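Reading through the structure tokens given below for one structure.
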There are 4 protein chains.
Amino acid sequence: MEFKEKKSIYIQIAEYFSDNILKGVWQVEDKIPSVREMAVQLEVNPNTVMRAYALLQERGIIYNKRGIGYFLAPEAEKEVKSMKKDEFISSTLPEFYRMVRLLEIDFEELKEGYREFLEKEAGHEEKH
Amino acid sequence: MEFKEKKSIYIQIAEYFSDNILKGVWQVEDKIPSVREMAVQLEVNPNTVMRAYALLQERGIIYNKRGIGYFLAPEAEKEVKSMKKDEFISSTLPEFYRMVRLLEIDFEELKEGYREFLEKEAGHEEKH
Amino acid sequence: MEFKEKKSIYIQIAEYFSDNILKGVWQVEDKIPSVREMAVQLEVNPNTVMRAYALLQERGIIYNKRGIGYFLAPEAEKEVKSMKKDEFISSTLPEFYRMVRLLEIDFEELKEGYREFLEKEAGHEEKH
Amino acid sequence: MEFKEKKSIYIQIAEYFSDNILKGVWQVEDKIPSVREMAVQLEVNPNTVMRAYALLQERGIIYNKRGIGYFLAPEAEKEVKSMKKDEFISSTLPEFYRMVRLLEIDFEELKEGYREFLEKEAGHEEKH
DNA sequence: GTGGTCTAGACCACC
DNA sequence: GTGGTCTAGACCACA
């Protein structure tokens, strides 16, 4: 996994989990990798993974069984979805509209671009 | 002018200028307020304004006449537009598509939302 | 390290790094001293060091790993060399030619002077 | 006359005078243009011209007859020459040697470049 | 008046 | 520990 420059790493890790839950890759009650394991895999400081897990736990997406590990919460998918939706409405969408307006971009172009985006992603999926 | 919590102030100041240039509020060769003046007006430290101006100068949006002040560069509008477009394509748009896809949002809804956004903005303009 | 009066300190710090890279003292991927550390060592304010580092980063000579520190960029030497060469051609050389011409200096003398300069520098190196 | 970005304007004005004296364009005891006249001609603030004249006077290159104007000092050429030589030795030359060494430039190339520089300048002179 | 540099010291997010 | 941002206040050169 590669990290983008701008966002903090622990946020990107948390998003990686959220996205996979939303995509249905992981199922409720699954055990998720331990902090140490994840840290090695991502080549990241364990503290950073810890922080990502703490964030997810705080939002009710995962929970902890002491001495055993972290698990996906029963409500995980619902939580993630509502969280993402809030984020989309309060942050992504306004910024998007603002830019479209400033740059006088045609909405139809964007629709076309989205179609291409979906195709490209479908291509990626097949690879796995 | 109010500042958002997350973005650094000097970035927001720079964006405030960029946006106004794009909106045609300011014209090429206009003198922009002095560092100190702007600092008083925005209730921030002069250093912070200085930093915003330095950023804008570096990007060719404003230029300096020594001992006199800062002025909008001839290429200001072109520079801002190309800069914003790059940002949109490399950052805003991918994030937007990603979210739309994850949340399985209908594109027609967004189009409708955009129409409302424009109306709301038009309302704001009239107030001034 | 001593600073000259005329040039700003942060520029001199940046040049100190550039020169050392060009001389091969530092190698690609080396970690460079932290901002605070450097500030103590040079007896300047951390902000001043920060400014120098920001300048070097902007020019692609160093890069940052968040929470860890600054490192020499893979392209550091190439960047520095092309930068210095540009500076030499656009600034140092024309000024030099202009002065030589005005003062009607013999080029052979300068060649001799350069030989002495190299010897003197070699002497300095041995001291270390 | 156009001014370079980096050097302060009043220094550039002073250098413009020095250079012309050294080139023999102006002769001892010539009256030089009044501050106001010069300011209009150069499209510059009179204060700036004043500062340049003050600098030249301080160095014994021009002198002032009250109510009449500024004149080239008898020793003007000698003064300028010694001043420039000092500047060359203490500033231009060391910087030049330093760069030549860092960039590992061949001295013969520079000699060739100087020949071209002289030819180009000769061309310019003829135009006048 | 203008910008530009620097210090001292604080606070924050991140790893 | 790391960088990054910001404030307050000072001083300087320049037009």
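By convention in this document, the chains of the structure tokens carry letters A, B, ... by their order, each chain's residues are numbered from 1, and ligands are numbered from 1 in the order they are shown.
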Contacts of F:DA10 within 12 Å, only C-alpha atoms (C1' of nucleotides), excl. fewer than 4 positions in-chain, as a PyMOL selection string: chain E and resi 5-8
File of the preceding selection, C-alpha atoms (C1' of nucleotides), as a PDB file, in the first residue's frame:
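File written: part.pdb
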ATOM      1  C1'  DT E   5      14.216  38.828   7.603  1.00  0.00           C
ATOM      2  C1'  DC E   6      14.844  37.233  12.101  1.00  0.00           C
ATOM      3  C1'  DT E   7      13.971  36.015  17.007  1.00  0.00           C
ATOM      4  C1'  DA E   8      11.435  34.068  20.867  1.00  0.00           C
TER       5       DA E   8
END
12 Å contact set for E:DG9, only C-alpha atoms (C1' of nucleotides), chain neighbours under 5 positions out, as a ChimeraX atom specification: /C:45-47 /F:6-9
Please produce an output containing N, CA and C atoms (P, O5', C5', C4', C3', O3' and C1' of nucleotides) for each residue in the selection, written as a PDB file, in the first residue's frame.
ATOM      1  N   ASN C  45      17.442  30.739  14.927  1.00  0.00           N
ATOM      2  CA  ASN C  45      16.088  30.363  15.293  1.00  0.00           C
ATOM      3  C   ASN C  45      15.600  29.205  14.407  1.00  0.00           C
ATOM      4  N   PRO C  46      14.859  28.253  15.007  1.00  0.00           N
ATOM      5  CA  PRO C  46      14.346  27.125  14.216  1.00  0.00           C
ATOM      6  C   PRO C  46      13.569  27.568  12.976  1.00  0.00           C
ATOM      7  N   ASN C  47      12.837  28.669  13.100  1.00  0.00           N
ATOM      8  CA  ASN C  47      12.092  29.158  11.937  1.00  0.00           C
ATOM      9  C   ASN C  47      13.000  29.437  10.748  1.00  0.00           C
TER      10      ASN C  47
ATOM     11  P    DC F   6      -1.255  29.212   9.470  1.00  0.00           P
ATOM     12  O5'  DC F   6      -0.930  30.122  10.738  1.00  0.00           O
ATOM     13  C5'  DC F   6      -1.559  29.826  11.980  1.00  0.00           C
ATOM     14  C4'  DC F   6      -0.927  30.656  13.062  1.00  0.00           C
ATOM     15  C3'  DC F   6      -0.746  32.135  12.736  1.00  0.00           C
ATOM     16  O3'  DC F   6      -1.802  32.849  13.379  1.00  0.00           O
ATOM     17  C1'  DC F   6       1.081  31.204  13.997  1.00  0.00           C
ATOM     18  P    DT F   7      -1.886  34.439  13.334  1.00  0.00           P
ATOM     19  O5'  DT F   7      -1.040  34.846  14.622  1.00  0.00           O
ATOM     20  C5'  DT F   7      -1.397  34.284  15.878  1.00  0.00           C
ATOM     21  C4'  DT F   7      -0.499  34.863  16.967  1.00  0.00           C
ATOM     22  C3'  DT F   7      -0.312  36.385  16.887  1.00  0.00           C
ATOM     23  O3'  DT F   7      -0.560  36.940  18.165  1.00  0.00           O
ATOM     24  C1'  DT F   7       1.785  35.307  16.992  1.00  0.00           C
ATOM     25  P    DA F   8      -0.963  38.459  18.325  1.00  0.00           P
ATOM     26  O5'  DA F   8       0.393  39.039  18.917  1.00  0.00           O
ATOM     27  C5'  DA F   8       1.059  38.348  19.973  1.00  0.00           C
ATOM     28  C4'  DA F   8       2.386  39.014  20.238  1.00  0.00           C
ATOM     29  C3'  DA F   8       2.450  40.504  19.859  1.00  0.00           C
ATOM     30  O3'  DA F   8       3.062  41.212  20.921  1.00  0.00           O
ATOM     31  C1'  DA F   8       4.194  39.333  18.783  1.00  0.00           C
ATOM     32  P    DG F   9       3.095  42.827  20.873  1.00  0.00           P
ATOM     33  O5'  DG F   9       4.638  43.069  20.570  1.00  0.00           O
ATOM     34  C5'  DG F   9       5.625  42.212  21.156  1.00  0.00           C
ATOM     35  C4'  DG F   9       6.923  42.404  20.410  1.00  0.00           C
ATOM     36  C3'  DG F   9       7.119  43.832  19.859  1.00  0.00           C
ATOM     37  O3'  DG F   9       8.416  44.285  20.186  1.00  0.00           O
ATOM     38  C1'  DG F   9       7.536  42.275  18.178  1.00  0.00           C
TER      39       DG F   9
END
Sort by chain and increasing residue number a table of all residues of chain D within 8 Å of chain C, each with its closest pair of atoms and their distance in Å to one decimal, counting only C-alpha atoms, and write it as CSV.
residue,atom,partner,partner_atom,distance
D:Asp19,CA,C:Leu102,CA,7.4
D:Leu22,CA,C:Leu102,CA,6.7
D:Lys23,CA,C:Leu102,CA,7.1
D:Lys81,CA,C:Leu103,CA,7.1
D:Lys84,CA,C:Leu103,CA,7.6
D:Lys85,CA,C:Leu103,CA,7.1
D:Phe88,CA,C:Met99,CA,7.0
D:Thr92,CA,C:Phe96,CA,6.4
D:Leu93,CA,C:Phe96,CA,7.4
D:Glu95,CA,C:Thr92,CA,7.7
D:Phe96,CA,C:Thr92,CA,6.4
D:Tyr97,CA,C:Tyr114,CA,6.4
D:Met99,CA,C:Phe88,CA,7.1
D:Arg101,CA,C:Leu118,CA,8.0
D:Leu102,CA,C:Leu22,CA,6.7
D:Leu103,CA,C:Lys85,CA,7.1
D:Phe107,CA,C:Lys111,CA,7.2
D:Lys111,CA,C:Phe107,CA,7.2
D:Tyr114,CA,C:Tyr97,CA,6.4
D:Phe117,CA,C:Tyr97,CA,7.3
D:Leu118,CA,C:Arg101,CA,7.9
Could I get the residues of chain C with an atom no further than 10 Å from an atom of chain E, each paired with its nearest atom pair and that distance in Å to one decimal, using only C-alpha atoms (C1' of nucleotides), sorted by chain and residue number, as JSON lines?
{"residue": "C:Ser8", "atom": "CA", "partner": "E:DT5", "partner_atom": "C1'", "distance": 7.1}
{"residue": "C:Ile9", "atom": "CA", "partner": "E:DT5", "partner_atom": "C1'", "distance": 8.4}
{"residue": "C:Tyr10", "atom": "CA", "partner": "E:DT5", "partner_atom": "C1'", "distance": 9.0}
{"residue": "C:Val44", "atom": "CA", "partner": "E:DT7", "partner_atom": "C1'", "distance": 8.3}
{"residue": "C:Asn45", "atom": "CA", "partner": "E:DT7", "partner_atom": "C1'", "distance": 6.3}
{"residue": "C:Pro46", "atom": "CA", "partner": "E:DT7", "partner_atom": "C1'", "distance": 9.3}
{"residue": "C:Asn47", "atom": "CA", "partner": "E:DC6", "partner_atom": "C1'", "distance": 8.5}
{"residue": "C:Thr48", "atom": "CA", "partner": "E:DC6", "partner_atom": "C1'", "distance": 7.3}
{"residue": "C:Lys65", "atom": "CA", "partner": "E:DC15", "partner_atom": "C1'", "distance": 9.3}
{"residue": "C:Arg66", "atom": "CA", "partner": "E:DC14", "partner_atom": "C1'", "distance": 6.9}
{"residue": "C:Gly67", "atom": "CA", "partner": "E:DC15", "partner_atom": "C1'", "distance": 4.6}
{"residue": "C:Ile68", "atom": "CA", "partner": "E:DC15", "partner_atom": "C1'", "distance": 6.6}
Just to be explicit: take each residue in the selection above, keep C-alpha atoms, and write the result as a PDB file, in the first residue's frame.
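What landed in out-v3.pdb:
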ATOM      1  CA  SER C   8      19.978  36.421   4.325  1.00  0.00           C
ATOM      2  CA  ILE C   9      20.786  33.622   6.701  1.00  0.00           C
ATOM      3  CA  TYR C  10      18.269  31.145   5.387  1.00  0.00           C
ATOM      4  CA  VAL C  44      19.800  30.505  14.804  1.00  0.00           C
ATOM      5  CA  ASN C  45      16.088  30.363  15.293  1.00  0.00           C
ATOM      6  CA  PRO C  46      14.346  27.125  14.216  1.00  0.00           C
ATOM      7  CA  ASN C  47      12.092  29.158  11.937  1.00  0.00           C
ATOM      8  CA  THR C  48      15.107  30.280   9.966  1.00  0.00           C
ATOM      9  CA  LYS C  65       8.988  11.859   5.671  1.00  0.00           C
ATOM     10  CA  ARG C  66       6.286  12.970   8.021  1.00  0.00           C
ATOM     11  CA  GLY C  67       7.130  12.760  11.666  1.00  0.00           C
ATOM     12  CA  ILE C  68      10.568  11.432  10.824  1.00  0.00           C
TER      13      ILE C  68
END
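Every residue of chain F that lies within 10 Å of chain D is listed here, counting only C-alpha atoms (C1' of nucleotides): DA13, DC14 and DA15 of chain F.
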Write the residues you've just listed into a file as a PDB file, in the first residue's frame, and include C-alpha atoms (C1' of nucleotides) for each of them.
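The result, stored in part-v2.pdb:
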ATOM      1  C1'  DA F  13      16.761  48.341   3.392  1.00  0.00           C
ATOM      2  C1'  DC F  14      14.311  50.469  -0.097  1.00  0.00           C
ATOM      3  C1'  DA F  15      11.185  53.992  -2.794  1.00  0.00           C
TER       4       DA F  15
END
Per-residue DSSP, chain D, filtered to strand (DSSP E), as an MDAnalysis selection string: chainID D and resid 31:32 62:65 69:72
Selection export as a compact mmCIF listing (two decimals), in the first residue's frame, atoms kept: C-alpha atoms:
# COMPACT_ATOMS: atom_id res chain seq x y z
CA LYS D 31 27.61 68.69 -15.06
CA ILE D 32 25.41 65.69 -14.50
CA ILE D 62 30.73 63.60 -7.85
CA TYR D 63 30.49 66.83 -5.90
CA ASN D 64 27.80 69.39 -5.33
CA LYS D 65 27.72 73.11 -6.03
CA GLY D 69 23.93 70.98 -9.41
CA TYR D 70 26.21 67.99 -9.34
CA PHE D 71 29.52 67.70 -11.22
CA LEU D 72 32.01 64.96 -11.88
